[in-house]
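What follows is data.pdb (PDB, C-alpha atoms and all ligand atoms).
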ATOM      1  CA  MET A 589    -108.608 257.823  98.587  1.00  0.00           C
ATOM      2  CA  LYS A 590    -110.055 259.997 101.292  1.00  0.00           C
ATOM      3  CA  VAL A 591    -112.023 262.735  99.559  1.00  0.00           C
ATOM      4  CA  THR A 592    -111.962 265.935 101.574  1.00  0.00           C
ATOM      5  CA  LYS A 593    -112.850 268.378  98.847  1.00  0.00           C
ATOM      6  CA  SER A 594    -114.906 268.192  95.677  1.00  0.00           C
ATOM      7  CA  GLU A 595    -116.536 270.803  93.530  1.00  0.00           C
ATOM      8  CA  ILE A 596    -117.796 271.350  90.024  1.00  0.00           C
ATOM      9  CA  VAL A 597    -115.302 273.242  87.880  1.00  0.00           C
ATOM     10  CA  THR A 598    -117.123 273.785  84.648  1.00  0.00           C
ATOM     11  CA  SER A 599    -119.447 272.353  82.027  1.00  0.00           C
ATOM     12  CA  ALA A 600    -118.131 272.047  78.510  1.00  0.00           C
ATOM     13  CA  VAL A 601    -119.193 271.054  75.040  1.00  0.00           C
ATOM     14  CA  LYS A 602    -116.086 271.984  73.038  1.00  0.00           C
ATOM     15  CA  PRO A 603    -112.345 271.603  73.759  1.00  0.00           C
ATOM     16  CA  GLU A 604    -111.934 275.395  74.190  1.00  0.00           C
ATOM     17  CA  GLN A 605    -114.250 275.067  77.175  1.00  0.00           C
ATOM     18  CA  TYR A 606    -112.362 272.226  78.895  1.00  0.00           C
ATOM     19  CA  PRO A 607    -110.426 273.331  82.002  1.00  0.00           C
ATOM     20  CA  PRO A 608    -106.922 274.373  80.904  1.00  0.00           C
ATOM     21  CA  THR A 609    -105.332 272.473  83.808  1.00  0.00           C
ATOM     22  CA  HIS A 610    -103.478 269.155  83.536  1.00  0.00           C
ATOM     23  CA  PHE A 611    -104.831 267.110  86.421  1.00  0.00           C
ATOM     24  CA  PRO A 612    -105.235 263.373  85.790  1.00  0.00           C
ATOM     25  CA  GLU A 613    -108.750 262.867  84.518  1.00  0.00           C
ATOM     26  CA  PHE A 614    -111.308 260.056  84.710  1.00  0.00           C
ATOM     27  CA  ALA A 615    -114.389 260.041  82.493  1.00  0.00           C
ATOM     28  CA  LEU A 616    -117.609 258.486  83.777  1.00  0.00           C
ATOM     29  CA  ALA A 617    -120.028 257.045  81.271  1.00  0.00           C
ATOM     30  CA  GLY A 618    -123.191 255.000  81.420  1.00  0.00           C
ATOM     31  CA  ARG A 619    -126.678 254.774  80.084  1.00  0.00           C
ATOM     32  CA  SER A 620    -129.219 257.168  81.538  1.00  0.00           C
ATOM     33  CA  ASN A 621    -130.644 256.125  84.881  1.00  0.00           C
ATOM     34  CA  VAL A 622    -127.994 253.450  85.428  1.00  0.00           C
ATOM     35  CA  GLY A 623    -126.874 255.108  88.670  1.00  0.00           C
ATOM     36  CA  LYS A 624    -123.954 257.252  87.464  1.00  0.00           C
ATOM     37  CA  SER A 625    -124.847 260.344  89.519  1.00  0.00           C
ATOM     38  CA  SER A 626    -125.348 258.173  92.580  1.00  0.00           C
ATOM     39  CA  PHE A 627    -121.934 256.582  91.943  1.00  0.00           C
ATOM     40  CA  ILE A 628    -120.246 259.989  91.702  1.00  0.00           C
ATOM     41  CA  ASN A 629    -121.939 261.289  94.834  1.00  0.00           C
ATOM     42  CA  LYS A 630    -121.018 258.125  96.765  1.00  0.00           C
ATOM     43  CA  MET A 631    -117.387 258.271  95.646  1.00  0.00           C
ATOM     44  CA  LEU A 632    -117.155 261.948  96.614  1.00  0.00           C
ATOM     45  CA  ASN A 633    -119.088 261.604  99.891  1.00  0.00           C
ATOM     46  CA  ARG A 634    -121.601 264.118  98.634  1.00  0.00           C
ATOM     47  CA  LYS A 635    -125.357 263.912  98.783  1.00  0.00           C
ATOM     48  CA  ASN A 636    -126.192 265.886  95.722  1.00  0.00           C
ATOM     49  CA  LEU A 637    -123.173 267.179  93.832  1.00  0.00           C
ATOM     50  CA  ALA A 638    -123.906 265.211  90.671  1.00  0.00           C
ATOM     51  CA  ARG A 639    -127.527 265.742  89.839  1.00  0.00           C
ATOM     52  CA  ILE A 640    -129.568 262.583  90.180  1.00  0.00           C
ATOM     53  CA  SER A 641    -131.609 261.682  87.113  1.00  0.00           C
ATOM     54  CA  GLN A 642    -130.816 264.380  84.590  1.00  0.00           C
ATOM     55  CA  ARG A 643    -133.723 264.774  82.247  1.00  0.00           C
ATOM     56  CA  PRO A 644    -133.452 264.328  78.488  1.00  0.00           C
ATOM     57  CA  GLY A 645    -133.852 267.429  76.402  1.00  0.00           C
ATOM     58  CA  LYS A 646    -131.571 269.427  78.659  1.00  0.00           C
ATOM     59  CA  THR A 647    -128.304 270.716  77.261  1.00  0.00           C
ATOM     60  CA  GLN A 648    -125.872 267.842  77.166  1.00  0.00           C
ATOM     61  CA  THR A 649    -122.531 268.858  78.585  1.00  0.00           C
ATOM     62  CA  LEU A 650    -119.394 267.289  79.961  1.00  0.00           C
ATOM     63  CA  ASN A 651    -119.315 268.217  83.647  1.00  0.00           C
ATOM     64  CA  PHE A 652    -115.871 268.551  85.222  1.00  0.00           C
ATOM     65  CA  TYR A 653    -115.385 267.991  88.953  1.00  0.00           C
ATOM     66  CA  ILE A 654    -112.175 268.666  90.831  1.00  0.00           C
ATOM     67  CA  ILE A 655    -111.331 266.323  93.693  1.00  0.00           C
ATOM     68  CA  ASN A 656    -108.891 267.103  96.523  1.00  0.00           C
ATOM     69  CA  ASP A 657    -107.326 269.667  94.169  1.00  0.00           C
ATOM     70  CA  ILE A 658    -105.454 266.838  92.408  1.00  0.00           C
ATOM     71  CA  MET A 659    -107.731 265.144  89.891  1.00  0.00           C
ATOM     72  CA  HIS A 660    -110.841 265.496  87.740  1.00  0.00           C
ATOM     73  CA  PHE A 661    -113.919 263.378  87.285  1.00  0.00           C
ATOM     74  CA  VAL A 662    -115.696 264.137  84.025  1.00  0.00           C
ATOM     75  CA  ASP A 663    -119.369 263.267  83.995  1.00  0.00           C
ATOM     76  CA  VAL A 664    -120.294 262.266  80.445  1.00  0.00           C
ATOM     77  CA  PRO A 665    -124.007 262.680  79.656  1.00  0.00           C
ATOM     78  CA  GLY A 666    -125.899 259.406  79.797  1.00  0.00           C
ATOM     79  CA  TYR A 667    -126.891 257.555  76.647  1.00  0.00           C
ATOM     80  CA  GLY A 668    -129.775 255.340  75.706  1.00  0.00           C
ATOM     81  CA  PHE A 669    -132.793 257.600  76.042  1.00  0.00           C
ATOM     82  CA  ALA A 670    -135.450 256.303  73.661  1.00  0.00           C
ATOM     83  CA  LYS A 671    -136.906 259.738  72.974  1.00  0.00           C
ATOM     84  CA  VAL A 672    -133.767 261.598  71.993  1.00  0.00           C
ATOM     85  CA  SER A 673    -133.713 262.812  68.385  1.00  0.00           C
ATOM     86  CA  LYS A 674    -131.177 261.622  65.847  1.00  0.00           C
ATOM     87  CA  LYS A 675    -129.696 265.095  65.769  1.00  0.00           C
ATOM     88  CA  GLU A 676    -129.150 265.071  69.523  1.00  0.00           C
ATOM     89  CA  VAL A 677    -127.565 261.622  69.386  1.00  0.00           C
ATOM     90  CA  GLU A 678    -125.182 262.880  66.705  1.00  0.00           C
ATOM     91  CA  ALA A 679    -124.251 265.970  68.730  1.00  0.00           C
ATOM     92  CA  TRP A 680    -123.658 263.787  71.788  1.00  0.00           C
ATOM     93  CA  GLY A 681    -121.490 261.383  69.760  1.00  0.00           C
ATOM     94  CA  LYS A 682    -119.416 264.176  68.324  1.00  0.00           C
ATOM     95  CA  MET A 683    -118.911 265.813  71.711  1.00  0.00           C
ATOM     96  CA  ILE A 684    -117.716 262.674  73.432  1.00  0.00           C
ATOM     97  CA  GLU A 685    -115.646 261.428  70.506  1.00  0.00           C
ATOM     98  CA  THR A 686    -113.780 264.738  70.451  1.00  0.00           C
ATOM     99  CA  TYR A 687    -113.221 264.536  74.181  1.00  0.00           C
ATOM    100  CA  PHE A 688    -111.989 260.933  74.194  1.00  0.00           C
ATOM    101  CA  MET A 689    -109.736 261.524  71.198  1.00  0.00           C
ATOM    102  CA  GLN A 690    -108.194 264.792  72.289  1.00  0.00           C
ATOM    103  CA  ARG A 691    -107.934 264.843  76.050  1.00  0.00           C
ATOM    104  CA  GLU A 692    -104.358 263.902  76.830  1.00  0.00           C
ATOM    105  CA  GLN A 693    -104.701 263.795  80.609  1.00  0.00           C
ATOM    106  CA  LEU A 694    -107.524 261.247  80.395  1.00  0.00           C
ATOM    107  CA  ARG A 695    -106.196 258.243  82.349  1.00  0.00           C
ATOM    108  CA  ALA A 696    -109.138 255.855  82.299  1.00  0.00           C
ATOM    109  CA  ALA A 697    -112.840 255.628  81.603  1.00  0.00           C
ATOM    110  CA  VAL A 698    -115.228 254.440  84.265  1.00  0.00           C
ATOM    111  CA  LEU A 699    -118.157 252.648  82.666  1.00  0.00           C
ATOM    112  CA  ILE A 700    -121.183 252.208  84.907  1.00  0.00           C
ATOM    113  CA  VAL A 701    -123.437 249.238  84.129  1.00  0.00           C
ATOM    114  CA  ASP A 702    -126.388 247.691  85.961  1.00  0.00           C
ATOM    115  CA  LEU A 703    -125.423 244.394  87.617  1.00  0.00           C
ATOM    116  CA  ARG A 704    -128.993 243.146  87.261  1.00  0.00           C
ATOM    117  CA  HIS A 705    -129.020 243.065  83.465  1.00  0.00           C
ATOM    118  CA  PRO A 706    -126.576 242.030  80.749  1.00  0.00           C
ATOM    119  CA  PRO A 707    -124.860 245.117  79.308  1.00  0.00           C
ATOM    120  CA  SER A 708    -126.964 246.763  76.585  1.00  0.00           C
ATOM    121  CA  LYS A 709    -125.951 247.299  72.976  1.00  0.00           C
ATOM    122  CA  ASP A 710    -125.047 250.875  73.914  1.00  0.00           C
ATOM    123  CA  ASP A 711    -122.888 249.685  76.836  1.00  0.00           C
ATOM    124  CA  ILE A 712    -121.037 247.341  74.485  1.00  0.00           C
ATOM    125  CA  MET A 713    -120.558 250.132  71.955  1.00  0.00           C
ATOM    126  CA  MET A 714    -119.147 252.401  74.663  1.00  0.00           C
ATOM    127  CA  TYR A 715    -116.740 249.748  75.915  1.00  0.00           C
ATOM    128  CA  ASP A 716    -115.598 248.963  72.352  1.00  0.00           C
ATOM    129  CA  TRP A 717    -115.053 252.649  71.809  1.00  0.00           C
ATOM    130  CA  PHE A 718    -112.717 252.868  74.795  1.00  0.00           C
ATOM    131  CA  LYS A 719    -110.773 249.880  73.537  1.00  0.00           C
ATOM    132  CA  HIS A 720    -110.583 251.411  70.064  1.00  0.00           C
ATOM    133  CA  PHE A 721    -109.034 254.572  71.539  1.00  0.00           C
ATOM    134  CA  GLU A 722    -106.818 252.475  73.849  1.00  0.00           C
ATOM    135  CA  ILE A 723    -108.349 253.960  76.980  1.00  0.00           C
ATOM    136  CA  PRO A 724    -108.216 251.683  80.043  1.00  0.00           C
ATOM    137  CA  ALA A 725    -111.702 250.950  81.348  1.00  0.00           C
ATOM    138  CA  ILE A 726    -112.916 250.400  84.881  1.00  0.00           C
ATOM    139  CA  VAL A 727    -116.334 248.774  84.725  1.00  0.00           C
ATOM    140  CA  ILE A 728    -118.578 249.396  87.714  1.00  0.00           C
ATOM    141  CA  ALA A 729    -121.466 246.946  88.086  1.00  0.00           C
ATOM    142  CA  THR A 730    -123.800 248.926  90.289  1.00  0.00           C
ATOM    143  CA  LYS A 731    -127.104 248.301  92.110  1.00  0.00           C
ATOM    144  CA  ALA A 732    -125.556 245.136  93.593  1.00  0.00           C
ATOM    145  CA  ASP A 733    -127.857 245.558  96.602  1.00  0.00           C
ATOM    146  CA  LYS A 734    -130.742 244.587  94.337  1.00  0.00           C
ATOM    147  CA  ILE A 735    -129.285 241.131  93.613  1.00  0.00           C
ATOM    148  CA  PRO A 736    -128.907 238.391  96.226  1.00  0.00           C
ATOM    149  CA  LYS A 737    -125.269 237.897  97.233  1.00  0.00           C
ATOM    150  CA  GLY A 738    -125.259 234.304  96.033  1.00  0.00           C
ATOM    151  CA  LYS A 739    -125.885 235.508  92.483  1.00  0.00           C
ATOM    152  CA  HIS A 740    -123.262 238.282  92.346  1.00  0.00           C
ATOM    153  CA  GLN A 741    -120.530 236.174  90.728  1.00  0.00           C
ATOM    154  CA  LYS A 742    -122.885 234.813  88.076  1.00  0.00           C
ATOM    155  CA  HIS A 743    -123.988 238.338  87.131  1.00  0.00           C
ATOM    156  CA  LEU A 744    -120.419 239.641  87.114  1.00  0.00           C
ATOM    157  CA  LYS A 745    -119.451 236.867  84.729  1.00  0.00           C
ATOM    158  CA  ILE A 746    -122.271 237.864  82.375  1.00  0.00           C
ATOM    159  CA  VAL A 747    -121.056 241.485  82.431  1.00  0.00           C
ATOM    160  CA  ARG A 748    -117.443 240.483  81.726  1.00  0.00           C
ATOM    161  CA  GLU A 749    -118.415 238.121  78.932  1.00  0.00           C
ATOM    162  CA  THR A 750    -121.019 240.341  77.285  1.00  0.00           C
ATOM    163  CA  LEU A 751    -118.593 243.263  77.130  1.00  0.00           C
ATOM    164  CA  GLN A 752    -115.781 240.887  76.120  1.00  0.00           C
ATOM    165  CA  MET A 753    -113.630 242.682  78.649  1.00  0.00           C
ATOM    166  CA  VAL A 754    -109.873 242.541  78.278  1.00  0.00           C
ATOM    167  CA  GLU A 755    -107.990 240.899  81.146  1.00  0.00           C
ATOM    168  CA  ASP A 756    -106.389 244.123  82.438  1.00  0.00           C
ATOM    169  CA  ASP A 757    -109.617 246.072  82.846  1.00  0.00           C
ATOM    170  CA  HIS A 758    -111.136 246.124  86.319  1.00  0.00           C
ATOM    171  CA  LEU A 759    -114.691 244.952  86.977  1.00  0.00           C
ATOM    172  CA  ILE A 760    -116.041 246.073  90.340  1.00  0.00           C
ATOM    173  CA  LEU A 761    -119.186 245.117  92.200  1.00  0.00           C
ATOM    174  CA  PHE A 762    -120.777 248.289  93.541  1.00  0.00           C
ATOM    175  CA  SER A 763    -123.751 249.682  95.419  1.00  0.00           C
ATOM    176  CA  SER A 764    -124.427 253.358  95.977  1.00  0.00           C
ATOM    177  CA  GLU A 765    -126.988 252.253  98.506  1.00  0.00           C
ATOM    178  CA  THR A 766    -124.583 250.348 100.794  1.00  0.00           C
ATOM    179  CA  GLY A 767    -121.165 251.666  99.723  1.00  0.00           C
ATOM    180  CA  LEU A 768    -120.097 248.184  98.605  1.00  0.00           C
ATOM    181  CA  GLY A 769    -117.092 248.398  96.284  1.00  0.00           C
ATOM    182  CA  LYS A 770    -116.236 252.009  97.069  1.00  0.00           C
ATOM    183  CA  ASP A 771    -112.704 251.243  98.305  1.00  0.00           C
ATOM    184  CA  LYS A 772    -112.045 248.925  95.370  1.00  0.00           C
ATOM    185  CA  ALA A 773    -113.294 251.533  92.907  1.00  0.00           C
ATOM    186  CA  TRP A 774    -110.969 254.133  94.427  1.00  0.00           C
ATOM    187  CA  SER A 775    -108.027 251.700  94.346  1.00  0.00           C
ATOM    188  CA  ALA A 776    -108.670 250.990  90.659  1.00  0.00           C
ATOM    189  CA  ILE A 777    -108.863 254.706  89.880  1.00  0.00           C
ATOM    190  CA  GLU A 778    -105.748 255.470  91.921  1.00  0.00           C
ATOM    191  CA  SER A 779    -103.817 252.755  90.095  1.00  0.00           C
ATOM    192  CA  TYR A 780    -104.101 254.943  86.980  1.00  0.00           C
ATOM    193  CA  MET A 781    -103.180 258.217  88.693  1.00  0.00           C
ATOM    194  CA  THR A 782     -99.469 257.897  88.015  1.00  0.00           C
ATOM    195  CA  LYS A 783     -99.553 255.879  84.780  1.00  0.00           C
TER     196      LYS A 783
HETATM  197  P1  LIG A 801    -128.020 258.377  86.387  1.00  0.00           P
HETATM  198  O1  LIG A 801    -129.120 258.815  85.484  1.00  0.00           O
HETATM  199  O2  LIG A 801    -127.172 257.327  85.751  1.00  0.00           O
HETATM  200  O3  LIG A 801    -127.214 259.491  86.954  1.00  0.00           O
HETATM  201  O4  LIG A 801    -128.717 257.569  87.593  1.00  0.00           O
HETATM  202  P2  LIG A 801    -129.065 258.042  89.082  1.00  0.00           P
HETATM  203  O5  LIG A 801    -127.833 258.105  89.916  1.00  0.00           O
HETATM  204  O6  LIG A 801    -129.923 259.245  88.996  1.00  0.00           O
HETATM  205  O7  LIG A 801    -129.896 256.777  89.592  1.00  0.00           O
HETATM  206  C1  LIG A 801    -131.089 256.350  88.965  1.00  0.00           C
HETATM  207  C2  LIG A 801    -131.983 255.687  90.006  1.00  0.00           C
HETATM  208  O8  LIG A 801    -131.375 254.501  90.507  1.00  0.00           O
HETATM  209  C3  LIG A 801    -132.237 256.577  91.222  1.00  0.00           C
HETATM  210  O9  LIG A 801    -133.565 256.360  91.632  1.00  0.00           O
HETATM  211  C4  LIG A 801    -131.259 256.047  92.262  1.00  0.00           C
HETATM  212  O10 LIG A 801    -131.695 256.239  93.582  1.00  0.00           O
HETATM  213  C5  LIG A 801    -131.211 254.564  91.911  1.00  0.00           C
HETATM  214  N1  LIG A 801    -129.893 253.962  92.252  1.00  0.00           N
HETATM  215  C6  LIG A 801    -128.694 254.385  91.823  1.00  0.00           C
HETATM  216  N2  LIG A 801    -127.715 253.588  92.301  1.00  0.00           N
HETATM  217  C7  LIG A 801    -128.305 252.645  93.055  1.00  0.00           C
HETATM  218  C8  LIG A 801    -127.823 251.523  93.824  1.00  0.00           C
HETATM  219  O11 LIG A 801    -126.622 251.221  93.919  1.00  0.00           O
HETATM  220  N3  LIG A 801    -128.768 250.754  94.472  1.00  0.00           N
HETATM  221  C9  LIG A 801    -130.103 251.031  94.393  1.00  0.00           C
HETATM  222  N4  LIG A 801    -130.939 250.219  95.051  1.00  0.00           N
HETATM  223  N5  LIG A 801    -130.585 252.076  93.680  1.00  0.00           N
HETATM  224  C10 LIG A 801    -129.707 252.872  93.026  1.00  0.00           C
END
Could you spell out this file's structure in structure tokens?
Amino acid sequence: MKVTKSEIVTSAVKPEQYPPTHFPEFALAGRSNVGKSSFINKMLNRKNLARISQRPGKTQTLNFYIINDIMHFVDVPGYGFAKVSKKEVEAWGKMIETYFMQREQLRAAVLIVDLRHPPSKDDIMMYDWFKHFEIPAIVIATKADKIPKGKHQKHLKIVRETLQMVEDDHLILFSSETGLGKDKAWSAIESYMTK
């Protein structure tokens, strides 16, 4: 998809704060620092729309972006910060569970993982959660530029196997640095636009 327009619509914690529109929606999740903001900015051809490296301790919100006036990306706050309190983890869990359970226009979840490392326990939990709620997942293995090309397939296999990905879910090699995988990621997202 050629993105000509993108802007932030709103930040929300509770359903009453979600945009009342019915555009197809795609949620983006990943552990903190995995490269989620960089992925969003790359996909939207923006330098700094999604804030790079959000700090822990800040209010955790779902951030809604509107793209080409036809669809939403929803930036889900990153997980896996060591220093976050139990209370904060619980609030985060409740916020995202409510969103994933209730949001009817949610078409697919985009899970960002780091190609360099096997998916973490939190990544696996997230993926299992999507499967539990029957949400299609598009897994983006980012930072591919940091791994020699000859090792890409081996690392992809580890991601697919560690997450125990279902056949139908896409796994895409990506780099926000080089733009590798951008067209494939858009094709995967677009394949869920009309479903
Ligand atoms: P977030 O916390 O998941 O939103 O992660 P960020 O997008 O802020 O990225 C975390 C760090 O990884 C930043 O220093 C980025 O510049 C870097 N980064 C993100 N994506 C890539 C990538 O594809 N390749 C490389 N080499 N670095 C990346």
Checklist entry - Between CA of Gln690 in chain A and CA of Asn651 in chain A, what is the distance, to one decimal in Å? => result 16.3 Å
Item to check | Residues matched by the PyMOL selection byres (((not hetatm)) within 9 of (chain A and resi 801)) as a VMD selection string | outcome: chain A and resid 617 to 629 638 to 643 665 to 666 700 702 729 to 734 762 to 768
Item to check | Residue with smallest distance to His660 in chain A - pool A:Lys682, A:Lys742, A:His610, A:Lys602, counting all atoms listed in the file | outcome: A:His610
Next on the checklist: Please expand the PyMOL selection byres (((chain A and resi 662) around 8) and not hetatm) into the concrete residues it hits in this file, giving the result as a list in words.
Outcome noted: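 Residues picked by the PyMOL selection byres (((chain A and resi 662) around 8) and not hetatm): Glu613, Phe614, Ala615, Leu616, Leu650, Asn651, Phe652, Tyr653, His660, Phe661, Asp663 and Val664 of chain A.
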Item to check | CA of Val701 in chain A to CA of His743 in chain A, straight-line distance in Å | outcome: 11.3 Å
Next on the checklist: At a cut-off of 8 Å around the point (-117.5, 253.8, 76.3) (file coordinates), what residues fall inside when counting all atoms listed in the file? I'd like the answer as a PyMOL selection string.
Outcome noted: chain A and resi 617-618+697+699+711-718
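Using all atoms listed in the file, the protein and nucleic acid residues lying no more than 12 Å from Ala776 in chain A, apart from those fewer than 2 places from it along its own chain, are Met589, Phe614, Arg695, Ala696, Ala697, Val698, Pro724, Ala725, Ile726, Val727, Ile728, Asp756, Asp757, His758, Leu759, Ile760, Gly769, Lys770, Asp771, Lys772, Ala773, Trp774, Glu778, Ser779, Tyr780, Met781, Thr782 and Lys783 of chain A.
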Item to check | Coordinates-based distance that separates CA of Ile684 in chain A from CA of Tyr667 in chain A (Å, one decimal) | outcome: 11.0 Å
Per-axis box centre and lengths in Å around range 692-697 of chain A, 8 Å margin per side, axis-aligned, as lines of an AutoDock Vina configuration file:
center_x = -108.6
center_y = 259.8
center_z = 79.6
size_x = 24.5
size_y = 24.3
size_z = 21.5
Item to check | Shell of 8 Å around Met659 in chain A, all atoms listed in the file, local chain residues under 4 positions omitted, as a list in words | outcome: Phe611, Pro612, Glu613, Ile654 and Ile655 of chain A
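Distances here use all atoms listed in the file; by that measure, the residue among A:Ile777, A:Leu694, A:Leu703, A:Ile658 closest to Ile746 in chain A is A:Leu703.
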Run the PyMOL selection byres (((chain A and resi 679) around 12) and not hetatm) mentally over the shown coordinates, then write out the matched residues as a PDB file with C-alpha atoms, keeping the file's coordinate frame, using the chain letters and numbers from the document.
ATOM      1  CA  VAL A 601    -119.193 271.054  75.040  1.00  0.00           C
ATOM      2  CA  LYS A 602    -116.086 271.984  73.038  1.00  0.00           C
ATOM      3  CA  THR A 647    -128.304 270.716  77.261  1.00  0.00           C
ATOM      4  CA  GLN A 648    -125.872 267.842  77.166  1.00  0.00           C
ATOM      5  CA  THR A 649    -122.531 268.858  78.585  1.00  0.00           C
ATOM      6  CA  PRO A 665    -124.007 262.680  79.656  1.00  0.00           C
ATOM      7  CA  TYR A 667    -126.891 257.555  76.647  1.00  0.00           C
ATOM      8  CA  VAL A 672    -133.767 261.598  71.993  1.00  0.00           C
ATOM      9  CA  SER A 673    -133.713 262.812  68.385  1.00  0.00           C
ATOM     10  CA  LYS A 674    -131.177 261.622  65.847  1.00  0.00           C
ATOM     11  CA  LYS A 675    -129.696 265.095  65.769  1.00  0.00           C
ATOM     12  CA  GLU A 676    -129.150 265.071  69.523  1.00  0.00           C
ATOM     13  CA  VAL A 677    -127.565 261.622  69.386  1.00  0.00           C
ATOM     14  CA  GLU A 678    -125.182 262.880  66.705  1.00  0.00           C
ATOM     15  CA  TRP A 680    -123.658 263.787  71.788  1.00  0.00           C
ATOM     16  CA  GLY A 681    -121.490 261.383  69.760  1.00  0.00           C
ATOM     17  CA  LYS A 682    -119.416 264.176  68.324  1.00  0.00           C
ATOM     18  CA  MET A 683    -118.911 265.813  71.711  1.00  0.00           C
ATOM     19  CA  ILE A 684    -117.716 262.674  73.432  1.00  0.00           C
ATOM     20  CA  GLU A 685    -115.646 261.428  70.506  1.00  0.00           C
ATOM     21  CA  THR A 686    -113.780 264.738  70.451  1.00  0.00           C
TER      22      THR A 686
END
Next on the checklist: Measuring between all atoms listed in the file, which one of A:Glu692, A:Phe669, A:His740, A:Ser775 shows the shortest distance to Arg704 in chain A?
Outcome noted: A:His740
